[in-house]
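For reference, the structure is listed below as structure tokens.
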Amino acid sequence: MDLADVTRDIKQADLLQMYYYLRLTRALEDRITALYRQGRIVGGVYTSNGMEAIAVGYASALERDDVIAPFHRDMGAFLIRGFTPGEVLAHYLGKRTGPSKGKDGNVHMGDLKRGMIGFVSHLADNLPVATGIALAFKMRGERRVAFTGTGDGGTSRGDFHEAMNFAAVRKLPVVFFCNNNQYAYSTPQRLQMAIHDVADRAKAYGMPGEIVDGNDVAAVYLASRRAIAKARAGEGPTFLEFKTMRMHGHSEHDPAKYVPRELLEEWKKKDPILKIEQLFSRLGYGDDAYFHEIGERVKKEVEIGVEFAEQSPLPEGPEVLEGVFATESEVES
Amino acid sequence: MIVANAQSEVTYLEAISQALDEEMARDERVFLMGEDIGAYGGAFKITEGFMAKYGEWRVLDTPLAESGFVGAAIGAAMMGLRPVVEMQFADFISCAFDQITEVAAKNHYRWGAAVPMVIRAPFGGGVHGGPFHSECPEGWFFHSPGLKIVAPSTPYDAKGLLKAAIRDPNPVLYFEHKFLYRRIKATLPSEDYIVPIGKADVKRVGHDISLITYGAMVHLALEAAELLAQEHIDLEIVDLRTLIPLDKDTIYESVRKTSKAILLHEDNKTGGIGAEIAALIAEDCFDRLDGPVLRIAPPDTPVPFSTPLEEYFLPKVSDIVAAARKLAAY
């Protein structure tokens, strides 16, 4: 991004905060990966490694009462919405203090009070759900926005198309994004679709589609902010394609040998944290000492989280029976 | 628009329409979504006149995309609205299967988000609809924890159960039998009432055999009971009304009284709701049984179109009479 654009359009404090969340996301997910390798976390571990700028960028552009139905590589959005590293780690460890009380694991966290919709493994399932959230906002005349997305693979599903179409027909205040990290598990984009840019899909629904550098947090933030403002003004949905690269396997069990090494080497140079640090150096927003200080701060926060999670109780077996049905008092009104 | 009137009889279809109208008037959070429900009034005219009264946003015509609009209803429900989705035919619910079983059914259990929504699904055969307009898909959902399922057999139950479903904080599948739409009538109370979800109803008190059923089959059972009475076989007819949560108390009370049970449904036999109830009776009432638990249900085929095929497929009064005679001999 042009330096002049950044200084004109983004407050320094906002950018510093985004840097902090990029570092916190990286530190937390690296710690989760380490716990997985030690066998202390069971099940899948899907990280946003190398893609942190997407969730940090869009979640920073939203207002507090907007609602996010995230992709499964959006840890930064949870942290920005106030999920603590302790809560997240408790969730990964299946503890009762996690947001699902042990009922679900890994990235499947949600909390309506914090405007986070629980992720569903069936990719794109939450896109129609987000259109319904936007429909509720529109019907009640609220100036709120829903923000949702899926991966390049998820855009093959019918729910992606059904959601985009319905949102466009009814001009709903929703923003869709694609985290195009080039691989859906092992399937490369060329076997997923016959188009080069996922953004082209938007044309079919009469919706603008925009290509954004997904590793540039400032670019993600600004593109998201424009789309959100448009949605909030009643001008309908936008589709944002965040181009990025999945730097780890699909899940941490997957060595991803199907990804050419050269491709990873190329994208390593575009690492979102490296990118923002280069930007900060040029803008005079921070130097190596500052980067080190933030690194120490997030490391400490993550370790406090690990301690909390490890000391938290596991659920008791019979708790499996709780919560299949809701009671009247729990319903949002 | 059907105006509630204590003096006149209403059809099963009109009872459904009344319930929707009264709930929309009572609670502004209630709104309708579905294909052709607005200006056209719905394929069966349940929502005729609704758009003029409530506007195009509360009677929302959707694109032809069941998964998309069921997903949207889930989102709206989580934000505090009370969507009532119309499947044009219950058969099309298969397009929304994933949203219903993976999203709506599991949200509260997984992360505490309630999904107060209703999906109305016109189901059942006897109307020459063929394989895609006659299905009874309730069995698919009967096996998915997190959903409530109701299937009324009378205008009174149709109205009361729909109101209860709309007021329930969970996803409720409301299976309305389209064969009954204009074939049965009743005079309904003029005051507001609900039929509680989870309560079966004994539609005929008897002493010899418990016949447990729901939906249009209730009427077939009542007809058979009159014939059997002439042979001094006294059927008790338990109308389940709610399939999930199942009213085991009423089922067991009846079976323990008669010591004999027949399950009757229009969904095909294998892995059906009758199989589950037969297993429950075997587990919990075994020492009170005087004979085998029998099932009457269509064969394991799609619902056929041609009249003789569909007549062969659907349970008949003579099937019930034959099963009752067999069981009476024990």
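Ordered as shown in the structure tokens, chains take letters A, B, and onward, while each chain numbers its residues from 1 and ligands are numbered from 1 in the order shown.
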Could you tell me which residues of chain A sit within 9 Å of chain B when counting only C-alpha atoms, and give me the result as a compact mmCIF listing (two decimals) with N, CA and C atoms, in the first residue's frame?
# COMPACT_ATOMS: atom_id res chain seq x y z
N PRO A 99 -15.80 -21.70 25.72
CA PRO A 99 -17.11 -21.20 25.30
C PRO A 99 -18.11 -22.28 24.89
N SER A 100 -17.67 -23.51 24.65
CA SER A 100 -18.65 -24.57 24.36
C SER A 100 -18.74 -25.57 25.51
N LYS A 101 -18.05 -25.30 26.59
CA LYS A 101 -18.05 -26.18 27.78
C LYS A 101 -17.66 -27.61 27.43
N GLY A 102 -16.82 -27.74 26.43
CA GLY A 102 -16.36 -29.07 26.05
C GLY A 102 -17.22 -29.76 25.01
N LYS A 103 -18.30 -29.11 24.59
CA LYS A 103 -19.20 -29.75 23.62
C LYS A 103 -18.60 -29.76 22.22
N ASP A 104 -17.74 -28.81 21.93
CA ASP A 104 -17.14 -28.74 20.60
C ASP A 104 -15.69 -28.29 20.77
N HIS A 108 -14.35 -24.10 16.68
CA HIS A 108 -15.81 -24.05 16.75
C HIS A 108 -16.25 -23.30 18.01
N MET A 109 -15.99 -22.02 18.02
CA MET A 109 -16.38 -21.19 19.16
C MET A 109 -17.43 -20.19 18.69
N GLY A 110 -18.32 -19.84 19.61
CA GLY A 110 -19.30 -18.82 19.28
C GLY A 110 -19.84 -18.20 20.54
N ASP A 111 -20.34 -16.99 20.41
CA ASP A 111 -20.96 -16.30 21.54
C ASP A 111 -21.78 -15.15 20.98
N LEU A 112 -23.10 -15.28 21.07
CA LEU A 112 -23.97 -14.24 20.50
C LEU A 112 -23.73 -12.88 21.15
N ILE A 117 -20.59 -15.90 15.59
CA ILE A 117 -21.42 -17.06 15.28
C ILE A 117 -20.54 -18.31 15.25
N GLY A 118 -21.00 -19.36 15.90
CA GLY A 118 -20.23 -20.60 15.97
C GLY A 118 -20.00 -21.20 14.58
N VAL A 120 -19.35 -23.83 11.62
CA VAL A 120 -19.85 -25.16 11.26
C VAL A 120 -18.85 -25.75 10.26
N HIS A 122 -19.09 -27.80 7.90
CA HIS A 122 -19.57 -27.86 6.53
C HIS A 122 -19.37 -26.47 5.93
N ASP A 125 -21.75 -23.16 5.26
CA ASP A 125 -23.05 -23.26 5.95
C ASP A 125 -23.44 -21.95 6.63
N ASN A 126 -22.47 -21.23 7.14
CA ASN A 126 -22.83 -20.02 7.88
C ASN A 126 -23.02 -18.80 6.98
N LEU A 127 -22.85 -18.96 5.67
CA LEU A 127 -23.12 -17.82 4.79
C LEU A 127 -24.62 -17.52 4.69
N PRO A 128 -25.47 -18.54 4.44
CA PRO A 128 -26.90 -18.25 4.51
C PRO A 128 -27.32 -17.73 5.89
N VAL A 129 -26.71 -18.27 6.94
CA VAL A 129 -27.05 -17.82 8.29
C VAL A 129 -26.74 -16.32 8.43
N ALA A 130 -25.60 -15.90 7.90
CA ALA A 130 -25.24 -14.48 7.97
C ALA A 130 -26.21 -13.61 7.18
N THR A 131 -26.73 -14.13 6.07
CA THR A 131 -27.71 -13.33 5.32
C THR A 131 -28.98 -13.14 6.16
N GLY A 132 -29.32 -14.17 6.94
CA GLY A 132 -30.50 -14.06 7.82
C GLY A 132 -30.27 -13.07 8.95
N ILE A 133 -29.04 -13.02 9.42
CA ILE A 133 -28.69 -12.04 10.46
C ILE A 133 -28.84 -10.63 9.87
N ALA A 134 -28.34 -10.46 8.65
CA ALA A 134 -28.47 -9.18 7.97
C ALA A 134 -29.94 -8.85 7.67
N LEU A 135 -30.70 -9.88 7.36
CA LEU A 135 -32.14 -9.70 7.11
C LEU A 135 -32.82 -9.16 8.37
N ALA A 136 -32.46 -9.72 9.52
CA ALA A 136 -33.04 -9.25 10.78
C ALA A 136 -32.68 -7.78 11.00
N PHE A 137 -31.43 -7.42 10.73
CA PHE A 137 -31.01 -6.02 10.90
C PHE A 137 -31.84 -5.11 9.99
N MET A 139 -34.82 -5.73 8.57
CA MET A 139 -36.24 -5.70 8.92
C MET A 139 -36.50 -4.79 10.11
N GLY A 158 -23.18 -25.04 -2.75
CA GLY A 158 -24.43 -24.36 -3.09
C GLY A 158 -24.78 -23.27 -2.09
N ASP A 159 -24.51 -23.51 -0.82
CA ASP A 159 -24.87 -22.52 0.20
C ASP A 159 -24.18 -21.17 -0.04
N PHE A 160 -22.96 -21.21 -0.57
CA PHE A 160 -22.26 -19.97 -0.92
C PHE A 160 -23.10 -19.19 -1.94
N HIS A 161 -23.52 -19.88 -2.97
CA HIS A 161 -24.25 -19.23 -4.07
C HIS A 161 -25.65 -18.81 -3.62
N GLU A 162 -26.31 -19.67 -2.85
CA GLU A 162 -27.66 -19.34 -2.38
C GLU A 162 -27.63 -18.11 -1.48
N ALA A 163 -26.60 -18.01 -0.66
CA ALA A 163 -26.48 -16.87 0.26
C ALA A 163 -26.17 -15.58 -0.51
N ASN A 165 -26.76 -14.88 -3.60
CA ASN A 165 -27.91 -14.49 -4.43
C ASN A 165 -29.00 -13.83 -3.60
N PHE A 166 -29.37 -14.47 -2.50
CA PHE A 166 -30.45 -13.95 -1.65
C PHE A 166 -30.07 -12.56 -1.10
N VAL A 169 -30.38 -10.01 -3.93
CA VAL A 169 -31.77 -9.75 -4.31
C VAL A 169 -32.43 -8.80 -3.31
N GLU A 322 -26.73 -32.16 28.70
CA GLU A 322 -27.25 -30.80 28.89
C GLU A 322 -27.24 -29.99 27.59
N GLY A 323 -28.30 -29.21 27.41
CA GLY A 323 -28.28 -28.18 26.37
C GLY A 323 -28.75 -28.58 24.98
N VAL A 324 -29.34 -29.77 24.85
CA VAL A 324 -29.85 -30.14 23.52
C VAL A 324 -30.95 -29.16 23.09
N PHE A 325 -31.79 -28.79 24.06
CA PHE A 325 -32.85 -27.81 23.77
C PHE A 325 -32.65 -26.53 24.58
N ALA A 326 -33.12 -25.44 24.01
CA ALA A 326 -33.06 -24.13 24.68
C ALA A 326 -34.30 -23.93 25.53
N THR A 327 -34.18 -23.08 26.53
CA THR A 327 -35.35 -22.67 27.30
C THR A 327 -35.71 -21.24 26.90
N GLU A 328 -36.94 -20.86 27.18
CA GLU A 328 -37.46 -19.56 26.73
C GLU A 328 -36.58 -18.40 27.19
N SER A 329 -36.05 -18.48 28.39
CA SER A 329 -35.29 -17.36 28.95
C SER A 329 -33.98 -17.09 28.20
N GLU A 330 -33.52 -18.06 27.41
CA GLU A 330 -32.24 -17.89 26.72
C GLU A 330 -32.35 -17.17 25.39
N VAL A 331 -33.58 -17.00 24.90
CA VAL A 331 -33.74 -16.48 23.54
C VAL A 331 -33.44 -14.99 23.48
N GLU A 332 -32.66 -14.59 22.48
CA GLU A 332 -32.33 -13.19 22.25
C GLU A 332 -33.61 -12.41 21.97
N SER A 333 -33.72 -11.21 22.51
CA SER A 333 -34.89 -10.40 22.14
C SER A 333 -34.49 -8.95 21.98
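For stretch 232-240 of chain A, the list of residues within 7 Å, based on only C-alpha atoms and with local chain neighbours fewer than 6 positions off taken out, reads A:Arg143, A:Arg144, A:Val145, A:Ala167, A:Ala168, A:Lys171, A:Leu172, A:Pro173, A:Val174, A:Val175, A:Phe176, A:Phe177, A:Cys178, A:Ala199, A:Ala202, A:Met207, A:Pro208, A:Gly209, A:Glu210, A:Ile211, A:Val212.
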Generate a file of the selected residues that holds N, CA and C atoms, formatted as a JSON list (two decimals), in the first residue's frame.
[["chain", "number", "residue", "atom", "x", "y", "z"],
["A", 143, "ARG", "N", -28.83, -0.24, 11.98],
["A", 143, "ARG", "CA", -27.69, 0.04, 11.10],
["A", 143, "ARG", "C", -26.53, -0.88, 11.44],
["A", 144, "ARG", "N", -26.80, -2.16, 11.44],
["A", 144, "ARG", "CA", -25.78, -3.15, 11.77],
["A", 144, "ARG", "C", -25.46, -3.98, 10.52],
["A", 145, "VAL", "N", -24.28, -4.59, 10.55],
["A", 145, "VAL", "CA", -23.80, -5.33, 9.39],
["A", 145, "VAL", "C", -23.37, -6.74, 9.81],
["A", 167, "ALA", "N", -28.83, -12.42, -0.67],
["A", 167, "ALA", "CA", -28.37, -11.15, -0.10],
["A", 167, "ALA", "C", -28.43, -10.03, -1.14],
["A", 168, "ALA", "N", -28.07, -10.37, -2.37],
["A", 168, "ALA", "CA", -28.08, -9.36, -3.43],
["A", 168, "ALA", "C", -29.51, -8.99, -3.82],
["A", 171, "LYS", "N", -30.80, -6.87, -1.13],
["A", 171, "LYS", "CA", -29.89, -5.78, -0.74],
["A", 171, "LYS", "C", -29.62, -5.79, 0.76],
["A", 172, "LEU", "N", -29.18, -6.92, 1.26],
["A", 172, "LEU", "CA", -28.99, -7.06, 2.71],
["A", 172, "LEU", "C", -27.64, -6.49, 3.15],
["A", 173, "PRO", "N", -27.59, -6.00, 4.39],
["A", 173, "PRO", "CA", -26.34, -5.42, 4.90],
["A", 173, "PRO", "C", -25.36, -6.50, 5.35],
["A", 174, "VAL", "N", -24.76, -7.16, 4.38],
["A", 174, "VAL", "CA", -23.82, -8.24, 4.68],
["A", 174, "VAL", "C", -22.61, -8.11, 3.76],
["A", 175, "VAL", "N", -21.44, -8.45, 4.28],
["A", 175, "VAL", "CA", -20.22, -8.48, 3.47],
["A", 175, "VAL", "C", -19.73, -9.92, 3.44],
["A", 176, "PHE", "N", -19.47, -10.43, 2.25],
["A", 176, "PHE", "CA", -18.94, -11.78, 2.08],
["A", 176, "PHE", "C", -17.45, -11.69, 1.75],
["A", 177, "PHE", "N", -16.69, -12.64, 2.25],
["A", 177, "PHE", "CA", -15.29, -12.69, 1.82],
["A", 177, "PHE", "C", -14.88, -14.11, 1.51],
["A", 178, "CYS", "N", -13.83, -14.21, 0.70],
["A", 178, "CYS", "CA", -13.21, -15.50, 0.46],
["A", 178, "CYS", "C", -11.77, -15.40, 0.92],
["A", 199, "ALA", "N", -13.19, -13.65, -7.06],
["A", 199, "ALA", "CA", -13.99, -12.42, -7.07],
["A", 199, "ALA", "C", -14.95, -12.38, -8.26],
["A", 202, "ALA", "N", -18.80, -12.95, -7.99],
["A", 202, "ALA", "CA", -19.74, -11.92, -7.54],
["A", 202, "ALA", "C", -20.61, -11.39, -8.68],
["A", 207, "MET", "N", -23.32, -8.28, -7.80],
["A", 207, "MET", "CA", -22.68, -7.76, -6.59],
["A", 207, "MET", "C", -21.23, -7.40, -6.95],
["A", 208, "PRO", "N", -20.71, -6.29, -6.41],
["A", 208, "PRO", "CA", -19.30, -6.01, -6.70],
["A", 208, "PRO", "C", -18.37, -7.03, -6.06],
["A", 209, "GLY", "N", -17.35, -7.42, -6.80],
["A", 209, "GLY", "CA", -16.34, -8.33, -6.27],
["A", 209, "GLY", "C", -14.99, -7.66, -6.35],
["A", 210, "GLU", "N", -14.23, -7.70, -5.27],
["A", 210, "GLU", "CA", -12.97, -6.96, -5.22],
["A", 210, "GLU", "C", -11.84, -7.89, -4.79],
["A", 211, "ILE", "N", -10.70, -7.76, -5.48],
["A", 211, "ILE", "CA", -9.52, -8.55, -5.11],
["A", 211, "ILE", "C", -8.66, -7.72, -4.17],
["A", 212, "VAL", "N", -8.27, -8.34, -3.05],
["A", 212, "VAL", "CA", -7.51, -7.63, -2.03],
["A", 212, "VAL", "C", -6.30, -8.47, -1.64]]
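For the residues A:Asp200, A:Asp152, A:Asp216, A:Glu296, ranking by smallest atom-to-atom distance to A:Ser186 using only C-alpha atoms places A:Asp152 first.
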### Contact residues around B:Tyr12 with only C-alpha atoms at 7 Å, ignoring same-chain residues under 4 positions, as a PyMOL selection string
chain B and resi 16+154-155+158+180-182+184-185
Problem - Those in stretch 71-147 of chain B with strand (DSSP E or B) from DSSP, as an NGL selection string - result: :B and (82-86 or 118-123)
Just the selected residues (N, CA and C atoms), exported as a PDB file, in the first residue's frame, please.
ATOM      1  N   ARG B  82     -38.733 -14.445  14.885  1.00  0.00           N
ATOM      2  CA  ARG B  82     -39.396 -15.756  14.948  1.00  0.00           C
ATOM      3  C   ARG B  82     -39.845 -16.171  13.541  1.00  0.00           C
ATOM      4  N   PRO B  83     -38.907 -16.627  12.719  1.00  0.00           N
ATOM      5  CA  PRO B  83     -39.285 -16.984  11.354  1.00  0.00           C
ATOM      6  C   PRO B  83     -40.122 -18.262  11.275  1.00  0.00           C
ATOM      7  N   VAL B  84     -41.084 -18.232  10.382  1.00  0.00           N
ATOM      8  CA  VAL B  84     -41.848 -19.435  10.050  1.00  0.00           C
ATOM      9  C   VAL B  84     -41.619 -19.672   8.557  1.00  0.00           C
ATOM     10  N   VAL B  85     -40.909 -20.743   8.259  1.00  0.00           N
ATOM     11  CA  VAL B  85     -40.530 -21.037   6.882  1.00  0.00           C
ATOM     12  C   VAL B  85     -41.540 -22.008   6.287  1.00  0.00           C
ATOM     13  N   GLU B  86     -41.959 -21.743   5.065  1.00  0.00           N
ATOM     14  CA  GLU B  86     -42.829 -22.707   4.379  1.00  0.00           C
ATOM     15  C   GLU B  86     -42.026 -23.477   3.346  1.00  0.00           C
ATOM     16  N   VAL B 118     -39.691 -22.100  12.982  1.00  0.00           N
ATOM     17  CA  VAL B 118     -40.606 -23.176  12.589  1.00  0.00           C
ATOM     18  C   VAL B 118     -40.438 -23.423  11.096  1.00  0.00           C
ATOM     19  N   ILE B 119     -40.395 -24.678  10.721  1.00  0.00           N
ATOM     20  CA  ILE B 119     -40.464 -25.024   9.296  1.00  0.00           C
ATOM     21  C   ILE B 119     -41.759 -25.798   9.085  1.00  0.00           C
ATOM     22  N   ARG B 120     -42.651 -25.205   8.310  1.00  0.00           N
ATOM     23  CA  ARG B 120     -43.902 -25.885   7.958  1.00  0.00           C
ATOM     24  C   ARG B 120     -43.658 -26.728   6.714  1.00  0.00           C
ATOM     25  N   ALA B 121     -44.067 -27.985   6.776  1.00  0.00           N
ATOM     26  CA  ALA B 121     -43.800 -28.878   5.654  1.00  0.00           C
ATOM     27  C   ALA B 121     -45.056 -29.682   5.311  1.00  0.00           C
ATOM     28  N   PRO B 122     -45.726 -29.337   4.197  1.00  0.00           N
ATOM     29  CA  PRO B 122     -46.908 -30.096   3.757  1.00  0.00           C
ATOM     30  C   PRO B 122     -46.466 -31.483   3.285  1.00  0.00           C
ATOM     31  N   PHE B 123     -46.883 -32.524   3.987  1.00  0.00           N
ATOM     32  CA  PHE B 123     -46.375 -33.861   3.703  1.00  0.00           C
ATOM     33  C   PHE B 123     -47.503 -34.841   3.414  1.00  0.00           C
TER      34      PHE B 123
END
Neighbour list for A:Asp74 as a PyMOL selection string, cut-off 12 Å, only C-alpha atoms, skip fewer than 6 positions in-chain = chain A and resi 21-22+25-26+29+46-59+68+80-81+106-109+116-119+147-151+177-179
Please dump the current selection as a CSV table (one decimal), in the first residue's frame; keep C-alpha atoms.
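Saved to selection-v7.csv:
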chain,number,residue,atom,x,y,z
A,21,TYR,CA,-3.6,-8.7,17.4
A,22,LEU,CA,-1.5,-10.1,14.5
A,25,THR,CA,-2.9,-14.5,17.0
A,26,ARG,CA,0.4,-15.9,15.8
A,29,GLU,CA,-1.8,-20.4,17.4
A,46,TYR,CA,-6.6,-25.4,11.9
A,47,THR,CA,-4.5,-22.3,12.1
A,48,SER,CA,-4.5,-19.0,10.3
A,49,ASN,CA,-0.6,-19.0,10.1
A,50,GLY,CA,0.4,-16.6,7.4
A,51,MET,CA,-3.2,-15.5,6.9
A,52,GLU,CA,-3.7,-13.6,10.2
A,53,ALA,CA,-4.1,-10.2,8.4
A,54,ILE,CA,-7.5,-11.3,7.1
A,55,ALA,CA,-9.4,-11.7,10.3
A,56,VAL,CA,-7.5,-9.0,12.1
A,57,GLY,CA,-8.1,-6.6,9.3
A,58,TYR,CA,-11.8,-7.1,8.8
A,59,ALA,CA,-12.7,-7.5,12.5
A,68,ILE,CA,-19.2,-12.0,12.4
A,80,ILE,CA,-10.7,-8.8,18.8
A,81,ARG,CA,-14.2,-9.7,20.0
A,106,ASN,CA,-10.8,-26.3,18.0
A,107,VAL,CA,-12.2,-23.3,16.0
A,108,HIS,CA,-15.8,-24.0,16.8
A,109,MET,CA,-16.4,-21.2,19.2
A,116,MET,CA,-19.5,-14.3,17.0
A,117,ILE,CA,-21.4,-17.1,15.3
A,118,GLY,CA,-20.2,-20.6,16.0
A,119,PHE,CA,-18.4,-22.1,13.0
A,147,PHE,CA,-19.6,-10.2,8.0
A,148,THR,CA,-19.0,-13.7,6.8
A,149,GLY,CA,-16.8,-15.8,4.6
A,150,THR,CA,-15.4,-19.1,3.5
A,151,GLY,CA,-12.4,-20.5,1.7
A,177,PHE,CA,-15.3,-12.7,1.8
A,178,CYS,CA,-13.2,-15.5,0.5
A,179,ASN,CA,-10.0,-16.5,2.2
Problem - Non-local contacts of B:Pro137 (10 Å; only C-alpha atoms; under 5 positions in same chain excluded) as a list in words - result: Ala90, Asp91, Phe92, Ile93, Ser94, Ala121, Phe123, Gly124, Phe142, Phe175, Asp267, Asn268 and Gly272 of chain B
Please produce a file of the residues just selected, as a PDB file, in the first residue's frame, where the atoms kept are N, CA and C atoms.
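File produced: again-v3.pdb:
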ATOM      1  N   ALA B  90     -43.154 -30.899   1.524  1.00  0.00           N
ATOM      2  CA  ALA B  90     -42.196 -31.444   2.496  1.00  0.00           C
ATOM      3  C   ALA B  90     -41.024 -32.120   1.796  1.00  0.00           C
ATOM      4  N   ASP B  91     -41.297 -32.672   0.607  1.00  0.00           N
ATOM      5  CA  ASP B  91     -40.240 -33.361  -0.143  1.00  0.00           C
ATOM      6  C   ASP B  91     -39.010 -32.479  -0.352  1.00  0.00           C
ATOM      7  N   PHE B  92     -39.244 -31.172  -0.544  1.00  0.00           N
ATOM      8  CA  PHE B  92     -38.128 -30.264  -0.861  1.00  0.00           C
ATOM      9  C   PHE B  92     -37.248 -29.959   0.348  1.00  0.00           C
ATOM     10  N   ILE B  93     -37.668 -30.438   1.494  1.00  0.00           N
ATOM     11  CA  ILE B  93     -36.892 -30.196   2.710  1.00  0.00           C
ATOM     12  C   ILE B  93     -35.520 -30.869   2.613  1.00  0.00           C
ATOM     13  N   SER B  94     -35.408 -31.868   1.719  1.00  0.00           N
ATOM     14  CA  SER B  94     -34.105 -32.534   1.569  1.00  0.00           C
ATOM     15  C   SER B  94     -33.034 -31.533   1.125  1.00  0.00           C
ATOM     16  N   ALA B 121     -44.067 -27.985   6.776  1.00  0.00           N
ATOM     17  CA  ALA B 121     -43.800 -28.878   5.654  1.00  0.00           C
ATOM     18  C   ALA B 121     -45.056 -29.682   5.311  1.00  0.00           C
ATOM     19  N   PHE B 123     -46.883 -32.524   3.987  1.00  0.00           N
ATOM     20  CA  PHE B 123     -46.375 -33.861   3.703  1.00  0.00           C
ATOM     21  C   PHE B 123     -47.503 -34.841   3.414  1.00  0.00           C
ATOM     22  N   GLY B 124     -47.102 -36.010   2.968  1.00  0.00           N
ATOM     23  CA  GLY B 124     -48.033 -37.118   2.857  1.00  0.00           C
ATOM     24  C   GLY B 124     -48.634 -37.338   1.482  1.00  0.00           C
ATOM     25  N   PHE B 142     -36.289 -37.286  12.777  1.00  0.00           N
ATOM     26  CA  PHE B 142     -36.602 -37.960  14.044  1.00  0.00           C
ATOM     27  C   PHE B 142     -35.309 -38.431  14.707  1.00  0.00           C
ATOM     28  N   PHE B 175     -45.086 -30.756  10.517  1.00  0.00           N
ATOM     29  CA  PHE B 175     -45.545 -31.532   9.360  1.00  0.00           C
ATOM     30  C   PHE B 175     -47.067 -31.477   9.279  1.00  0.00           C
ATOM     31  N   ASP B 267     -45.139 -43.056   6.647  1.00  0.00           N
ATOM     32  CA  ASP B 267     -43.731 -43.123   6.254  1.00  0.00           C
ATOM     33  C   ASP B 267     -43.399 -44.606   6.071  1.00  0.00           C
ATOM     34  N   ASN B 268     -42.431 -44.918   5.204  1.00  0.00           N
ATOM     35  CA  ASN B 268     -42.168 -46.329   4.955  1.00  0.00           C
ATOM     36  C   ASN B 268     -41.610 -47.027   6.188  1.00  0.00           C
ATOM     37  N   GLY B 272     -38.391 -46.645  10.599  1.00  0.00           N
ATOM     38  CA  GLY B 272     -39.385 -45.590  10.787  1.00  0.00           C
ATOM     39  C   GLY B 272     -39.668 -45.321  12.260  1.00  0.00           C
TER      40      GLY B 272
END
Looking only at the backbone, which of the residues in stretch 53-287 of chain B does DSSP tag as helix (DSSP H, G or I), as a PyMOL selection string?
chain B and resi 53-54+66-78+90-104+107-111+130-132+138-142+155-167+217-229+248-258+273-284+286-287
